2 protein chains.
Amino acid sequence: MKQDRRNFIGKISIAAAALAGLSSFTKKAIAQKRKTMFIHHVFFWLKNPDSSADRDKLVQGLTKLSKIKTIRHFHIGKPADTNREVIERGYAVSWLLQFDKDADQASYQSDPVHLQFIEECSHLWSKVIVYDSVDV
Amino acid sequence: MKQDRRNFIGKISIAAAALAGLSSFTKKAIAQKRKTMFIHHVFFWLKNPDSSADRDKLVQGLTKLSKIKTIRHFHIGKPADTNREVIERGYAVSWLLQFDKDADQASYQSDPVHLQFIEECSHLWSKVIVYDSVDV
């Protein structure tokens with residue numbers, strides 16, 4: 001697909017290469033390191049949605065979770081200020097992960113650090129929605 | 001927050017810098033270019049969910065849309081093969097955007113290219129859910 005050439009890592013690597021003053025050839029070589037992408041996006045609703053202490057605990061847990069080696073990139077978020085009819089903003093925490101491939105996400109699911117996170121933090125949330133997406 | 005130091009761009013830039021054999025100092029300088037992140041994640045349900053032609057049209061439209069300058073990075077996805085109770089997989093296309101800041105996302109919303117995309121493609125979808133997230 002066309003957009004593969006201008007994807008997250010490709011673009012960022014090119015930007016980094018540009019900052020470093022590398023040649024076009026090198027930029028291209030860096031960009032081509034990226035082949036596929038597995039996006040795992042999780043939204044957490046808290047049992048106590050007004051408890052900033054509970055949100056902090058969840059964020060702390062996710063920060064520990066982020067150390068899992070197969071995670072390529074991650075972002076921990078909260079709802080933005082935008083507010084239109086199509087925008088879902090009832091969740092408390094967004095957990096966005098990028099993996100290089102399906103197998104890395106599967107390995108993350110069964111990683112002891114992930115199982116420990118569930119054990120330590122699952123009492124905090126009332127609902128979870130997960131979106132797993134791969135390149136079209 | 002701690003995770004700011006190991007975020008999408010920070011990590012990727014460091015990886016790119018490492019590939020290019022740059023010094024630690026340069027890697028750090030590149031990583032620090034990234035300050036904040038606005039994640040805009042849209043999920044499209046098609047009116048004709050079994051029409052690959054309609055999905056292709058939407059993907060084409062999104063590819064054109066991806067040219068908007070304030071978009072830092074994007075990913076066009078489809079549901080992965082994963083299938084657990086918490087996973088939402090009824091959508092046809094995932095449209096994940098990263099902006100540097102709220103204002104860039106606001107500017108994207110009113111960009112003529114975006115308005116043209118809505119005009120040309122909105123007949124294709126039956127439902128849209130949007131998640132806008134910023135750094136915790």
# chains A, B, ... in the order shown; residues from 1 in each chain; ligands from 1

$ interface_residues --of "chain B" --to "chain A" --cutoff "6 Å" --atoms "only C-alpha atoms" --output "list in words"
Asn7, Phe8, Ser13, Ala16, His73, Phe74, Gly77, Lys78, Pro79, Ala80, Val86, Ile87, Glu88, Ile129, Val130, Tyr131, Asp132, Ser133, Val134, Asp135 and Val136 of chain B

$ atom_distance --atom1 "CA of Glu119 (chain B)" --atom2 "CA of Ile71 (chain B)"
20.0 Å

$ residues_around --residues "Phe117 (chain A)" --least-positions-apart "4" --cutoff "10 Å" --atoms "only C-alpha atoms" --output "ChimeraX atom specification"
/A:58,60-62,64-65,111-113,121-122

$ select_by_dssp --residues "region 100-130 of chain B" --states "helix (DSSP H, G or I)" --output "VMD selection string"
chain B and resid 102 to 110 112 to 124

$ residues_around --residues "Thr70 (chain B)" --least-positions-apart "4" --cutoff "7 Å" --atoms "only C-alpha atoms" --output "PyMOL selection string"
chain B and resi 99+104+108

$ atom_distance --atom1 "CA of Ala53 (chain A)" --atom2 "CA of Ser110 (chain A)"
27.6 Å

$ atom_distance --atom1 "CA of His114 (chain A)" --atom2 "CA of Ser51 (chain A)"
23.4 Å
